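Listing of query_38.cif; format and content: mmCIF, C-alpha atoms (C1' of nucleotides).
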data_coords
#
loop_
_atom_site.label_atom_id
_atom_site.label_comp_id
_atom_site.auth_asym_id
_atom_site.auth_seq_id
_atom_site.Cartn_x
_atom_site.Cartn_y
_atom_site.Cartn_z
CA MET S 15 64.10 114.72 107.09
CA PRO S 16 65.59 114.51 103.74
CA GLU S 17 68.86 115.47 102.19
CA LEU S 18 69.60 114.97 98.52
CA PRO S 19 69.60 111.13 98.56
CA GLU S 20 66.24 111.00 100.33
CA VAL S 21 64.71 113.53 97.94
CA GLU S 22 66.12 111.64 94.96
CA THR S 23 64.76 108.36 96.39
CA THR S 24 61.38 110.04 96.72
CA ARG S 25 61.59 111.36 93.16
CA ARG S 26 62.35 107.94 91.74
CA GLY S 27 59.58 106.39 93.80
CA ILE S 28 56.81 108.75 92.76
CA ALA S 29 57.82 109.42 89.14
CA PRO S 30 56.37 106.20 87.62
CA HIS S 31 53.02 106.82 89.34
CA VAL S 32 52.82 110.53 88.59
CA GLN S 33 54.37 111.07 85.18
CA GLY S 34 51.77 111.34 82.43
CA ARG S 35 48.88 111.40 84.90
CA ARG S 36 46.23 114.08 84.70
CA VAL S 37 45.44 115.98 87.88
CA ARG S 38 41.80 115.73 88.89
CA ALA S 39 41.87 117.80 92.09
CA VAL S 40 44.07 119.39 94.73
CA HIS S 41 43.01 119.07 98.38
CA VAL S 42 44.75 121.39 100.83
CA ARG S 43 43.87 120.45 104.41
CA GLN S 44 46.62 122.55 106.05
CA GLY S 45 47.93 125.34 103.88
CA GLN S 46 50.16 126.92 106.52
CA LEU S 47 53.49 125.33 105.70
CA ARG S 48 56.82 127.17 105.49
CA TRP S 49 54.99 129.54 103.22
CA PRO S 50 51.25 129.48 102.60
CA VAL S 51 50.29 127.06 99.83
CA PRO S 52 49.25 129.45 97.05
CA ASP S 53 45.57 129.49 96.04
CA ALA S 54 46.73 129.35 92.43
CA LEU S 55 47.77 125.71 92.93
CA ALA S 56 44.24 124.41 93.42
CA ARG S 57 42.99 126.81 90.74
CA ASP S 58 45.54 126.14 87.97
CA LEU S 59 46.74 122.56 88.47
CA PRO S 60 43.54 120.50 88.01
CA GLY S 61 43.17 119.41 84.40
CA GLN S 62 46.92 119.56 83.80
CA SER S 63 49.07 116.52 83.02
CA ILE S 64 52.38 115.95 84.81
CA GLU S 65 55.04 116.05 82.12
CA SER S 66 58.05 115.24 84.28
CA VAL S 67 59.20 114.78 87.86
CA ALA S 68 62.56 116.48 88.30
CA ARG S 69 64.78 117.47 91.19
CA ARG S 70 66.85 120.62 91.74
CA ALA S 71 68.76 120.65 95.04
CA LYS S 72 66.26 119.34 97.60
CA TYR S 73 63.28 120.62 95.63
CA LEU S 74 61.01 118.32 93.63
CA LEU S 75 59.60 119.84 90.45
CA LEU S 76 56.36 118.53 88.94
CA THR S 77 56.17 120.18 85.56
CA THR S 78 53.05 120.73 83.48
CA LEU S 79 52.43 122.74 80.34
CA ARG S 80 50.88 125.48 82.47
CA GLY S 81 53.35 125.71 85.32
CA THR S 82 55.46 123.81 87.84
CA VAL S 83 54.69 122.50 91.33
CA ILE S 84 57.70 123.08 93.60
CA ILE S 85 57.82 120.80 96.65
CA HIS S 86 60.31 120.92 99.53
CA LEU S 87 60.12 118.30 102.28
CA GLY S 88 61.80 120.40 104.97
CA MET S 89 62.91 118.40 108.00
CA SER S 90 60.02 115.97 108.34
CA GLY S 91 58.18 115.80 105.02
CA SER S 92 57.44 112.69 103.00
CA LEU S 93 55.39 111.91 99.91
CA ARG S 94 53.34 108.76 99.42
CA ILE S 95 51.19 107.37 96.65
CA VAL S 96 47.86 106.41 98.23
CA PRO S 97 44.30 105.56 97.13
CA ALA S 98 42.58 108.92 96.87
CA ASP S 99 39.88 107.84 99.32
CA ALA S 100 42.34 106.65 101.99
CA PRO S 101 41.62 108.59 105.21
CA PRO S 102 44.34 111.18 105.87
CA GLY S 103 46.37 111.20 109.07
CA PRO S 104 46.73 114.31 111.25
CA HIS S 105 49.80 115.61 109.39
CA ASP S 106 48.70 114.71 105.87
CA HIS S 107 48.43 118.31 104.72
CA LEU S 108 47.88 118.08 100.99
CA ASP S 109 46.76 115.67 98.25
CA ILE S 110 47.23 115.94 94.50
CA VAL S 111 44.55 113.59 93.15
CA PHE S 112 45.11 111.93 89.78
CA ASP S 113 42.80 110.49 87.15
CA ASP S 114 43.64 106.89 88.14
CA GLY S 115 42.00 107.24 91.56
CA ARG S 116 45.25 107.60 93.41
CA ALA S 117 46.82 110.62 95.06
CA LEU S 118 50.21 112.04 95.88
CA ARG S 119 49.96 112.81 99.60
CA LEU S 120 52.27 115.11 101.55
CA ARG S 121 52.84 114.34 105.23
CA ASP S 122 54.91 116.85 107.20
CA PRO S 123 54.55 116.97 111.02
CA ARG S 124 56.85 119.95 111.52
CA ARG S 125 55.54 121.91 108.55
CA PHE S 126 58.98 123.19 107.55
CA GLY S 127 58.27 121.97 104.04
CA ALA S 128 56.69 123.91 101.21
CA VAL S 129 54.43 123.47 98.21
CA LEU S 130 54.69 126.30 95.70
CA TRP S 131 53.44 126.94 92.20
CA THR S 132 55.06 128.95 89.43
CA ARG S 133 53.97 129.59 85.86
CA ASP S 134 57.47 130.68 84.89
CA ALA S 135 60.63 128.65 84.42
CA PRO S 136 61.34 127.06 87.81
CA ALA S 137 65.05 127.98 87.64
CA ALA S 138 63.97 131.64 87.77
CA HIS S 139 61.94 131.16 90.95
CA PRO S 140 63.42 133.11 93.90
CA ARG S 141 63.86 129.88 95.89
CA LEU S 142 65.93 128.30 93.12
CA SER S 143 67.68 131.17 91.38
CA ALA S 144 70.61 131.59 93.80
CA LEU S 145 71.45 127.92 94.33
CA GLY S 146 74.93 126.54 93.81
CA PRO S 147 75.83 123.61 91.54
CA GLU S 148 74.54 120.06 91.86
CA PRO S 149 77.11 117.90 93.67
CA LEU S 150 76.75 115.06 91.14
CA ASP S 151 77.62 117.45 88.29
CA HIS S 152 81.35 116.78 88.09
CA HIS S 153 81.90 119.58 85.58
CA ALA S 154 80.58 122.31 87.86
CA PHE S 155 81.37 120.86 91.28
CA THR S 156 85.15 120.56 91.24
CA GLY S 157 88.02 121.00 93.66
CA ALA S 158 89.02 124.17 91.82
CA TYR S 159 85.51 125.55 92.18
CA LEU S 160 85.43 124.96 95.94
CA HIS S 161 88.97 126.20 96.43
CA GLY S 162 88.25 129.41 94.54
CA ARG S 163 84.99 130.04 96.36
CA ALA S 164 86.54 129.41 99.77
CA ARG S 165 89.34 131.92 99.29
CA GLY S 166 89.67 134.15 102.33
CA ARG S 167 86.76 132.53 104.15
CA ARG S 168 87.16 131.83 107.85
CA GLN S 169 83.89 129.93 108.12
CA SER S 170 84.25 126.24 109.04
CA VAL S 171 84.49 123.96 106.04
CA LYS S 172 81.45 122.05 107.29
CA SER S 173 79.21 125.13 107.36
CA PHE S 174 80.66 126.16 103.99
CA LEU S 175 79.78 122.75 102.52
CA MET S 176 76.24 122.86 103.93
CA ASP S 177 75.55 126.30 102.44
CA ALA S 178 73.31 125.81 99.38
CA ARG S 179 75.08 128.71 97.63
CA THR S 180 78.28 126.64 97.73
CA VAL S 181 76.75 123.35 96.63
CA VAL S 182 73.21 122.03 97.02
CA GLY S 183 71.86 118.92 98.65
CA VAL S 184 74.52 118.31 101.29
CA GLY S 185 72.85 118.39 104.70
CA ASN S 186 74.10 117.51 108.13
CA ILE S 187 74.43 113.73 107.76
CA TYR S 188 76.29 113.74 104.46
CA ALA S 189 78.48 116.73 105.32
CA ASN S 190 79.75 114.78 108.33
CA GLU S 191 80.21 111.62 106.28
CA ALA S 192 81.93 113.30 103.34
CA LEU S 193 84.39 115.19 105.55
CA PHE S 194 85.30 111.92 107.24
CA ALA S 195 85.76 110.20 103.89
CA ALA S 196 88.02 113.05 102.76
CA GLY S 197 90.01 113.10 106.01
CA ILE S 198 89.21 116.76 106.72
CA ARG S 199 88.44 118.14 110.20
CA PRO S 200 84.99 119.82 110.02
CA THR S 201 86.11 122.83 112.05
CA THR S 202 88.91 123.77 109.62
CA PRO S 203 88.41 127.26 108.13
CA ALA S 204 87.26 126.83 104.52
CA GLY S 205 89.90 129.24 103.23
CA ARG S 206 92.78 127.23 104.69
CA ILE S 207 92.23 124.01 102.72
CA SER S 208 94.40 123.17 99.73
CA LEU S 209 93.24 122.63 96.17
CA ALA S 210 94.26 118.96 96.37
CA ARG S 211 92.20 118.38 99.49
CA TYR S 212 89.18 120.10 97.92
CA GLY S 213 89.59 117.70 95.02
CA ARG S 214 89.34 114.83 97.47
CA LEU S 215 86.35 116.45 99.16
CA THR S 216 84.33 116.76 95.94
CA ALA S 217 85.04 113.10 95.16
CA ALA S 218 84.02 112.11 98.71
CA VAL S 219 80.75 114.09 98.51
CA ARG S 220 79.83 112.40 95.24
CA GLN S 221 80.79 108.95 96.50
CA VAL S 222 78.78 109.27 99.73
CA LEU S 223 75.72 110.66 97.94
CA ARG S 224 75.83 107.97 95.24
CA GLU S 225 76.06 105.19 97.79
CA ALA S 226 73.26 106.69 99.85
CA ILE S 227 71.00 106.98 96.80
CA ALA S 228 71.75 103.35 95.92
CA ALA S 229 70.75 102.35 99.47
CA GLY S 230 67.48 104.30 99.25
CA GLY S 231 68.61 107.06 101.60
CA THR S 232 69.10 107.19 105.36
CA THR S 233 66.26 106.57 107.81
CA LEU S 234 67.02 107.89 111.31
CA ARG S 235 63.45 108.13 112.58
CA ASP S 236 60.71 108.73 110.12
CA PHE S 237 62.00 108.98 106.57
CA VAL S 238 60.12 106.63 104.26
CA ALA S 239 60.24 106.31 100.51
CA SER S 240 57.00 106.73 98.55
CA ASP S 241 56.28 103.02 98.98
CA GLY S 242 56.67 103.24 102.76
CA GLN S 243 60.08 101.55 102.83
CA PRO S 244 62.90 103.01 104.97
CA GLY S 245 66.35 103.81 103.58
CA TYR S 246 69.21 101.46 104.36
CA PHE S 247 72.21 103.81 104.42
CA ARG S 248 72.04 104.21 108.19
CA GLN S 249 73.98 101.01 108.76
CA ARG S 250 76.75 102.36 106.54
CA LEU S 251 77.22 105.67 108.38
CA GLN S 252 80.82 106.04 109.54
CA VAL S 253 80.56 108.98 111.96
CA TYR S 254 77.08 110.52 112.07
CA ASP S 255 75.49 110.02 115.51
CA ARG S 256 78.38 107.76 116.58
CA ALA S 257 80.05 109.97 119.23
CA GLY S 258 81.79 107.83 121.85
CA GLU S 259 81.96 104.83 119.53
CA PRO S 260 85.16 103.64 117.87
CA CYS S 261 86.23 104.91 114.46
CA LEU S 262 85.62 102.11 111.97
CA THR S 263 88.98 102.89 110.34
CA CYS S 264 91.39 103.36 113.25
CA GLY S 265 89.48 102.58 116.47
CA THR S 266 89.88 106.05 117.99
CA VAL S 267 86.82 107.13 119.97
CA LEU S 268 84.74 109.46 117.78
CA ARG S 269 84.07 112.98 119.04
CA SER S 270 81.19 115.38 118.61
CA ALA S 271 81.08 119.15 118.46
CA ARG S 272 78.55 121.87 117.78
CA ILE S 273 79.33 123.67 114.52
CA GLY S 274 76.90 126.33 113.31
CA GLN S 275 74.20 125.01 115.68
CA ARG S 276 74.42 121.57 114.08
CA SER S 277 75.69 118.36 115.64
CA SER S 278 78.99 117.33 114.15
CA PHE S 279 80.95 114.10 114.42
CA PHE S 280 84.53 113.30 113.51
CA CYS S 281 87.59 111.19 114.17
CA ALA S 282 90.40 113.33 115.57
CA ARG S 283 92.98 110.91 114.17
CA CYS S 284 91.64 110.34 110.64
CA GLN S 285 90.50 113.94 110.11
CA ARG S 286 93.09 116.72 110.34
"C1'" DC P 199 80.50 141.78 103.25
"C1'" DA P 200 80.76 137.51 106.17
"C1'" DA P 201 79.44 134.70 109.93
"C1'" DG P 202 76.66 133.40 113.48
"C1'" DA P 203 72.20 133.29 115.95
"C1'" DC P 204 67.43 132.84 115.72
"C1'" DT P 205 63.16 131.26 113.88
"C1'" DC P 206 59.30 128.36 112.22
"C1'" DC P 207 56.69 123.46 114.15
"C1'" DT P 208 55.80 118.86 116.27
"C1'" DG P 209 57.56 114.62 118.17
"C1'" DT P 210 60.69 112.07 120.98
"C1'" DC P 211 63.71 111.05 124.51
"C1'" DA P 212 66.76 111.67 128.65
"C1'" DG P 213 66.77 113.15 133.22
"C1'" DC P 214 64.62 114.31 137.33
"C1'" DT E 9 54.04 108.48 135.89
"C1'" DG E 10 54.52 113.18 134.48
"C1'" DC E 11 56.97 117.29 133.68
"C1'" DT E 12 60.85 119.92 131.45
"C1'" DG E 13 64.33 120.89 128.39
"C1'" DA E 14 67.21 119.60 124.63
"C1'" DC E 15 67.36 118.12 120.23
"C1'" DA E 16 66.00 116.46 115.35
"C1'" DG E 17 67.62 115.13 108.46
"C1'" DG E 18 66.36 122.64 106.57
"C1'" DA E 19 67.02 127.05 105.39
"C1'" DG E 20 65.26 131.91 105.27
"C1'" DT E 21 65.92 136.06 107.89
"C1'" DC E 22 67.86 138.91 111.20
"C1'" DT E 23 71.82 140.67 114.02
"C1'" DT E 24 76.55 141.54 114.94
#
Can the structure from this file be put into structure tokens for me?
Amino acid sequence: MPELPEVETTRRGIAPHVQGRRVRAVHVRQGQLRWPVPDALARDLPGQSIESVARRAKYLLLTTLRGTVIIHLGMSGSLRIVPADAPPGPHDHLDIVFDDGRALRLRDPRRFGAVLWTRDAPAAHPRLSALGPEPLDHHAFTGAYLHGRARGRRQSVKSFLMDARTVVGVGNIYANEALFAAGIRPTTPAGRISLARYGRLTAAVRQVLREAIAAGGTTLRDFVASDGQPGYFRQRLQVYDRAGEPCLTCGTVLRSARIGQRSSFFCARCQR
DNA sequence: CAAGACTCCTGTCAGC
DNA sequence: TGCTGACAGGAGTCTT
């Protein structure tokens, strides 16, 4: 169930096997994902070469000269490179088969993911057009940006940070971790946080995401990279899923709370 | 308008 | 052992 680091890990894993390859066929075994897989995918993609494998927010973009495949992994999706004749498992919904006899295979038990196809510029696609800045873009994602956007908002800073219109890619794990790293209580109204603290928050978000990417992401249950390997950031989590355990900074017992229907974890001493 | 609840789906786990 | 309910890394859509 990927956030930005897991999607980026997936992107880096599949890119060398996919880039420059020509698509031979598209096999859709279960087309009822978040949205129906469009018929145009299997019609237009075969014969095309993959020019690049990019990421915008948590979307993967496989670009060709004729259009772009847009893939979202939802909560439970993963992509693997497999021999095209490998028998699919029960949740292996879609294969993109390449000219080297291998395939990019999407597995997604919960089917919250999506595979879309657009012939226009992907940035203009309705799913991508209203997204906020990339968190690793330090020109766009600044303390001043967050502070200005939060003005007058009573929403909790955690929900504000997880809203893709504010900034993309920060899901539940990394929102919890970044707020801990910045020393900010997740329940604080977004509009009541100073410019200086937002500066610290943007730095914390970038730091946490960079470290998680370097560790290959976080595996809680079923996330695997395209080579089947889990991510190793779990052992570095400071607060996520650690309610009742001691804070690794000060020893205070960590607390949990429900914020916007999402589990939240914090240290009442380190985060104020 | 902003903010919160609800929804999609399957798997897993705690508690009885 | 088996059943039930809560919950899970997302995010679009609906309601208040």
> CA of Arg220 (chain S) and CA of His152 (chain S), how far apart in Å?
Replying inline: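 Distance reported for this atom pair: 8.5 Å.
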>> Residues near Ile198 (chain S), anyone? I mean within 12 Å using only C-alpha atoms (C1' of nucleotides), not counting same-chain ones fewer than 6 positions away, as a list in words.
In response: Ser170, Val171, Lys172, Leu175, Ala189, Asn190, Glu191, Ala192, Ala204, Arg206, Ile207, Ser208, Ala210, Arg211, Tyr212, Gly213, Arg214, Leu215, Thr216, Ala218, Phe279, Phe280, Cys281, Ala282, Arg283, Cys284, Gln285 and Arg286 of chain S
Applied to this file, what does the PyMOL selection byres ((chain P and resi 211) around 10) return in terms of residues, put as an mmCIF file with C-alpha atoms (C1' of nucleotides), in the frame of the given file?
data_model
loop_
_atom_site.group_PDB
_atom_site.id
_atom_site.type_symbol
_atom_site.label_atom_id
_atom_site.label_comp_id
_atom_site.auth_asym_id
_atom_site.auth_seq_id
_atom_site.Cartn_x
_atom_site.Cartn_y
_atom_site.Cartn_z
ATOM 1 C "C1'" DG P 209 57.560 114.620 118.170
ATOM 2 C "C1'" DT P 210 60.690 112.070 120.980
ATOM 3 C "C1'" DA P 212 66.760 111.670 128.650
ATOM 4 C "C1'" DG P 213 66.770 113.150 133.220
ATOM 5 C "C1'" DA E 14 67.210 119.600 124.630
ATOM 6 C "C1'" DC E 15 67.360 118.120 120.230
#
Would you translate the PyMOL selection byres ((chain S and resi 76) around 9) into the concrete set of residues it matches in this file, as an mmCIF file with C-alpha atoms, in the coordinates of the input?
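Result file follows (expr.cif):
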data_model
loop_
_atom_site.group_PDB
_atom_site.id
_atom_site.type_symbol
_atom_site.label_atom_id
_atom_site.label_comp_id
_atom_site.auth_asym_id
_atom_site.auth_seq_id
_atom_site.Cartn_x
_atom_site.Cartn_y
_atom_site.Cartn_z
ATOM 1 C CA VAL S 32 52.820 110.530 88.590
ATOM 2 C CA GLN S 33 54.370 111.070 85.180
ATOM 3 C CA ILE S 64 52.380 115.950 84.810
ATOM 4 C CA GLU S 65 55.040 116.050 82.120
ATOM 5 C CA SER S 66 58.050 115.240 84.280
ATOM 6 C CA VAL S 67 59.200 114.780 87.860
ATOM 7 C CA ALA S 68 62.560 116.480 88.300
ATOM 8 C CA ARG S 69 64.780 117.470 91.190
ATOM 9 C CA LEU S 74 61.010 118.320 93.630
ATOM 10 C CA LEU S 75 59.600 119.840 90.450
ATOM 11 C CA THR S 77 56.170 120.180 85.560
ATOM 12 C CA THR S 78 53.050 120.730 83.480
ATOM 13 C CA GLY S 81 53.350 125.710 85.320
ATOM 14 C CA THR S 82 55.460 123.810 87.840
ATOM 15 C CA VAL S 83 54.690 122.500 91.330
ATOM 16 C CA ILE S 84 57.700 123.080 93.600
ATOM 17 C CA ILE S 85 57.820 120.800 96.650
#
>> Starting from the PyMOL selection byres ((chain P and resi 201) around 12), expand the selection into actual residues of this file and give them as a list in words.
In response: Arg167, Arg168, Gln169, Ser170, Ser173, Phe174, Asp177, Pro203, Ile273 and Gly274 of chain S; DC199, DA200, DG202 and DA203 of chain P; DT23 and DT24 of chain E
Could you turn the residues from that selection into a file that holds C-alpha atoms (C1' of nucleotides), as a PDB file, keeping the file's coordinate frame?
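In the end it all went to again_4.pdb:
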ATOM      1  CA  ARG S 167      86.760 132.530 104.150  1.00  0.00           C
ATOM      2  CA  ARG S 168      87.160 131.830 107.850  1.00  0.00           C
ATOM      3  CA  GLN S 169      83.890 129.930 108.120  1.00  0.00           C
ATOM      4  CA  SER S 170      84.250 126.240 109.040  1.00  0.00           C
ATOM      5  CA  SER S 173      79.210 125.130 107.360  1.00  0.00           C
ATOM      6  CA  PHE S 174      80.660 126.160 103.990  1.00  0.00           C
ATOM      7  CA  ASP S 177      75.550 126.300 102.440  1.00  0.00           C
ATOM      8  CA  PRO S 203      88.410 127.260 108.130  1.00  0.00           C
ATOM      9  CA  ILE S 273      79.330 123.670 114.520  1.00  0.00           C
ATOM     10  CA  GLY S 274      76.900 126.330 113.310  1.00  0.00           C
TER      11      GLY S 274
ATOM     12  C1'  DC P 199      80.500 141.780 103.250  1.00  0.00           C
ATOM     13  C1'  DA P 200      80.760 137.510 106.170  1.00  0.00           C
ATOM     14  C1'  DG P 202      76.660 133.400 113.480  1.00  0.00           C
ATOM     15  C1'  DA P 203      72.200 133.290 115.950  1.00  0.00           C
TER      16       DA P 203
ATOM     17  C1'  DT E  23      71.820 140.670 114.020  1.00  0.00           C
ATOM     18  C1'  DT E  24      76.550 141.540 114.940  1.00  0.00           C
TER      19       DT E  24
END
>> What's the separation between CA of Gly162 (chain S) and CA of Leu209 (chain S), in Å to one decimal place?
In response: 8.6 Å
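Distance criterion 8 Å to chain E, applied with only C-alpha atoms (C1' of nucleotides), yields S:Met15, S:Pro16, S:Glu17, S:Gly88, S:Met89, S:Ser90, S:Phe126, S:Gly185, S:Asn186, S:Ile187, S:Leu234 on chain S.
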Please save C-alpha atoms of the selected residues as a PDB file, in the coordinates of the input.
ATOM      1  CA  MET S  15      64.100 114.720 107.090  1.00  0.00           C
ATOM      2  CA  PRO S  16      65.590 114.510 103.740  1.00  0.00           C
ATOM      3  CA  GLU S  17      68.860 115.470 102.190  1.00  0.00           C
ATOM      4  CA  GLY S  88      61.800 120.400 104.970  1.00  0.00           C
ATOM      5  CA  MET S  89      62.910 118.400 108.000  1.00  0.00           C
ATOM      6  CA  SER S  90      60.020 115.970 108.340  1.00  0.00           C
ATOM      7  CA  PHE S 126      58.980 123.190 107.550  1.00  0.00           C
ATOM      8  CA  GLY S 185      72.850 118.390 104.700  1.00  0.00           C
ATOM      9  CA  ASN S 186      74.100 117.510 108.130  1.00  0.00           C
ATOM     10  CA  ILE S 187      74.430 113.730 107.760  1.00  0.00           C
ATOM     11  CA  LEU S 234      67.020 107.890 111.310  1.00  0.00           C
TER      12      LEU S 234
END
Can you write out as a tab-separated table which residues of chain P fall within 7 Å of chain S, alongside each residue's closest atom pair and its distance in Å to one decimal, counting only C-alpha atoms (C1' of nucleotides) and ordering rows by chain and ascending residue number?
residue	atom	partner	partner_atom	distance
P:DA201	C1'	S:Gln169	CA	6.8
P:DC206	C1'	S:Phe126	CA	7.0
P:DC207	C1'	S:Arg124	CA	4.4
P:DT208	C1'	S:Arg124	CA	5.0
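Interatomic distance, CA of Pro104 (chain S) against CA of Ser240 (chain S): 18.0 Å.
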Once 6 Å is added on each side, what centre and edge lengths in Å to one decimal does the axis-aligned box around all listed atoms of chain P have, as lines of an AutoDock Vina configuration file?
center_x = 68.3
center_y = 126.4
center_z = 120.3
size_x = 37.0
size_y = 42.7
size_z = 46.1
>> Env of Arg121 (chain S): 6 Å cut, atoms = only C-alpha atoms (C1' of nucleotides), seq-sep filter 4 positions within chain, self excluded. Answer as number ranges by chain.
In response: S: 91-92, 105-107
With C-alpha atoms retained, export the selected residues as a short mmCIF file (atom, residue, chain, number, x, y, z; two decimals), keeping the file's coordinate frame.
data_model
loop_
_atom_site.label_atom_id
_atom_site.label_comp_id
_atom_site.auth_asym_id
_atom_site.auth_seq_id
_atom_site.Cartn_x
_atom_site.Cartn_y
_atom_site.Cartn_z
CA GLY S 91 58.18 115.80 105.02
CA SER S 92 57.44 112.69 103.00
CA HIS S 105 49.80 115.61 109.39
CA ASP S 106 48.70 114.71 105.87
CA HIS S 107 48.43 118.31 104.72
#
